[in-house]
Amino acid sequence: MVRNPATTEKLRNLISKIEASTESGDLHWERQVGSAHRYARLNNSLLILGPATPANELGVPRYLFITPFDSPDCIEINTDDSDLGAAVMKLVRTVDDRSQHEPPTDPFAVTEQMLERLEST
């Protein structure tokens, strides 16, 4: 993919910020029930790391998908990206390390808290 250098640098800085927040524990990643995908919430955006393969499995591209909750816009960066792939792979390893012992969650489960929020709108 051809992108201008300024955009590439902004994306590199964003990935670095996500990785640092993950490393420090400020950004919490979860694993979805029935999947090895990891997801997190950051600045009103959903972050997804996939696909469902271990990071140490060689040759399988991984991706970082970012989409705001209030917009259909999205960014997807693949480990095959010549400029940003290494940064995505570093993030994948950090997330796998930080979340490997986390129990899987169901992000689509209907909870009391969710129902209360919906009733108050």
# chains A, B, ... in the order shown; residues from 1 in each chain; ligands from 1
$ select_by_dssp --residues "chain A" --states "strand (DSSP E or B)" --output "list of chain:residue names"
A:Glu30, A:Arg31, A:Gln32, A:Arg38, A:Tyr39, A:Ala40, A:Arg41, A:Leu42, A:Ser45, A:Leu46, A:Leu47, A:Ile48, A:Leu49, A:Gly50, A:Tyr63, A:Leu64, A:Phe65, A:Ile66, A:Thr67, A:Pro68, A:Ile75, A:Glu76, A:Ile77, A:Asn78, A:Thr105
$ residues_around --residues "Ile66 of chain A" --least-positions-apart "5" --cutoff "7 Å" --atoms "only C-alpha atoms" --output "ChimeraX atom specification"
/A:45-48,74-76
$ write_last_selection --atoms "all heavy atoms" --output "mmCIF file, in the first residue's frame"
data_model
loop_
_atom_site.group_PDB
_atom_site.id
_atom_site.type_symbol
_atom_site.label_atom_id
_atom_site.label_comp_id
_atom_site.auth_asym_id
_atom_site.auth_seq_id
_atom_site.Cartn_x
_atom_site.Cartn_y
_atom_site.Cartn_z
ATOM 1 N N SER A 45 -12.715 4.120 20.621
ATOM 2 C CA SER A 45 -12.480 3.272 19.453
ATOM 3 C C SER A 45 -12.312 1.825 19.901
ATOM 4 O O SER A 45 -11.873 1.555 21.016
ATOM 5 C CB SER A 45 -11.222 3.703 18.696
ATOM 6 O OG SER A 45 -11.411 4.946 18.096
ATOM 7 N N LEU A 46 -12.663 0.932 19.006
ATOM 8 C CA LEU A 46 -12.468 -0.495 19.227
ATOM 9 C C LEU A 46 -11.192 -0.920 18.507
ATOM 10 O O LEU A 46 -11.004 -0.614 17.321
ATOM 11 C CB LEU A 46 -13.660 -1.279 18.669
ATOM 12 C CG LEU A 46 -13.561 -2.804 18.709
ATOM 13 C CD1 LEU A 46 -13.510 -3.305 20.153
ATOM 14 C CD2 LEU A 46 -14.731 -3.413 17.953
ATOM 15 N N LEU A 47 -10.314 -1.613 19.224
ATOM 16 C CA LEU A 47 -9.084 -2.159 18.657
ATOM 17 C C LEU A 47 -9.231 -3.676 18.615
ATOM 18 O O LEU A 47 -9.644 -4.282 19.602
ATOM 19 C CB LEU A 47 -7.868 -1.817 19.515
ATOM 20 C CG LEU A 47 -7.694 -0.368 19.979
ATOM 21 C CD1 LEU A 47 -6.465 -0.249 20.859
ATOM 22 C CD2 LEU A 47 -7.610 0.563 18.797
ATOM 23 N N ILE A 48 -8.895 -4.274 17.494
ATOM 24 C CA ILE A 48 -8.952 -5.732 17.359
ATOM 25 C C ILE A 48 -7.625 -6.210 16.794
ATOM 26 O O ILE A 48 -7.118 -5.655 15.826
ATOM 27 C CB ILE A 48 -10.096 -6.175 16.429
ATOM 28 C CG1 ILE A 48 -11.446 -5.698 16.962
ATOM 29 C CG2 ILE A 48 -10.089 -7.701 16.261
ATOM 30 C CD1 ILE A 48 -12.607 -5.934 16.009
ATOM 31 N N CYS A 74 -12.460 3.109 9.445
ATOM 32 C CA CYS A 74 -11.593 2.119 10.079
ATOM 33 C C CYS A 74 -10.189 2.195 9.499
ATOM 34 O O CYS A 74 -9.971 2.763 8.432
ATOM 35 C CB CYS A 74 -12.152 0.708 9.908
ATOM 36 S SG CYS A 74 -12.161 0.135 8.204
ATOM 37 N N ILE A 75 -9.273 1.633 10.254
ATOM 38 C CA ILE A 75 -7.881 1.489 9.836
ATOM 39 C C ILE A 75 -7.532 0.024 10.031
ATOM 40 O O ILE A 75 -7.840 -0.557 11.076
ATOM 41 C CB ILE A 75 -6.930 2.347 10.708
ATOM 42 C CG1 ILE A 75 -7.260 3.822 10.586
ATOM 43 C CG2 ILE A 75 -5.476 2.064 10.371
ATOM 44 C CD1 ILE A 75 -6.540 4.688 11.620
ATOM 45 N N GLU A 76 -6.895 -0.567 9.056
ATOM 46 C CA GLU A 76 -6.375 -1.921 9.216
ATOM 47 C C GLU A 76 -4.919 -1.927 8.778
ATOM 48 O O GLU A 76 -4.590 -1.461 7.691
ATOM 49 C CB GLU A 76 -7.169 -2.933 8.397
ATOM 50 C CG GLU A 76 -6.681 -4.352 8.630
ATOM 51 C CD GLU A 76 -7.543 -5.401 7.957
ATOM 52 O OE1 GLU A 76 -8.735 -5.150 7.722
ATOM 53 O OE2 GLU A 76 -7.006 -6.484 7.674
#
$ atom_distance --atom1 "atom CA of Arg31 of chain A" --atom2 "atom CA of Thr79 of chain A"
19.8 Å
$ residues_around --residues "Asp80 of chain A" --least-positions-apart "2" --cutoff "12 Å" --atoms "only C-alpha atoms" --output "list in words"
Met1, Gly59, Val60, Pro61, Arg62, Tyr63, Leu64, Glu76, Ile77, Asn78, Ser82, Asp83, Leu84, Gly85, Ala86, Ala87, Val88 and Met89 of chain A
$ residues_around --residues "Asn44 of chain A" --least-positions-apart "3" --cutoff "9 Å" --atoms "only C-alpha atoms" --output "PyMOL selection string"
chain A and resi 41+67-70
$ select_by_dssp --residues "segment 17-46 of chain A" --states "helix (DSSP H, G or I)" --output "ChimeraX atom specification"
/A:17-24
$ write_last_selection --atoms "N, CA, C and O atoms" --output "mmCIF file, in the first residue's frame"
data_model
loop_
_atom_site.group_PDB
_atom_site.id
_atom_site.type_symbol
_atom_site.label_atom_id
_atom_site.label_comp_id
_atom_site.auth_asym_id
_atom_site.auth_seq_id
_atom_site.Cartn_x
_atom_site.Cartn_y
_atom_site.Cartn_z
ATOM 1 N N LYS A 17 2.160 4.011 20.784
ATOM 2 C CA LYS A 17 1.379 4.439 21.955
ATOM 3 C C LYS A 17 0.515 3.289 22.470
ATOM 4 O O LYS A 17 0.435 3.054 23.687
ATOM 5 N N ILE A 18 -0.108 2.556 21.565
ATOM 6 C CA ILE A 18 -0.938 1.410 21.960
ATOM 7 C C ILE A 18 -0.074 0.353 22.629
ATOM 8 O O ILE A 18 -0.441 -0.204 23.664
ATOM 9 N N GLU A 19 1.090 0.086 22.059
ATOM 10 C CA GLU A 19 1.996 -0.921 22.622
ATOM 11 C C GLU A 19 2.488 -0.504 24.004
ATOM 12 O O GLU A 19 2.497 -1.301 24.934
ATOM 13 N N ALA A 20 2.848 0.773 24.173
ATOM 14 C CA ALA A 20 3.322 1.265 25.473
ATOM 15 C C ALA A 20 2.202 1.221 26.517
ATOM 16 O O ALA A 20 2.443 0.837 27.667
ATOM 17 N N SER A 21 1.002 1.581 26.124
ATOM 18 C CA SER A 21 -0.140 1.528 27.054
ATOM 19 C C SER A 21 -0.458 0.089 27.443
ATOM 20 O O SER A 21 -0.863 -0.185 28.570
ATOM 21 N N THR A 22 -0.269 -0.825 26.501
ATOM 22 C CA THR A 22 -0.473 -2.250 26.792
ATOM 23 C C THR A 22 0.595 -2.739 27.753
ATOM 24 O O THR A 22 0.295 -3.410 28.743
ATOM 25 N N GLU A 23 1.833 -2.401 27.474
ATOM 26 C CA GLU A 23 2.959 -2.830 28.305
ATOM 27 C C GLU A 23 2.817 -2.322 29.736
ATOM 28 O O GLU A 23 3.092 -3.049 30.696
ATOM 29 N N SER A 24 2.365 -1.084 29.881
ATOM 30 C CA SER A 24 2.230 -0.503 31.220
ATOM 31 C C SER A 24 0.985 -1.006 31.961
ATOM 32 O O SER A 24 0.869 -0.803 33.161
#
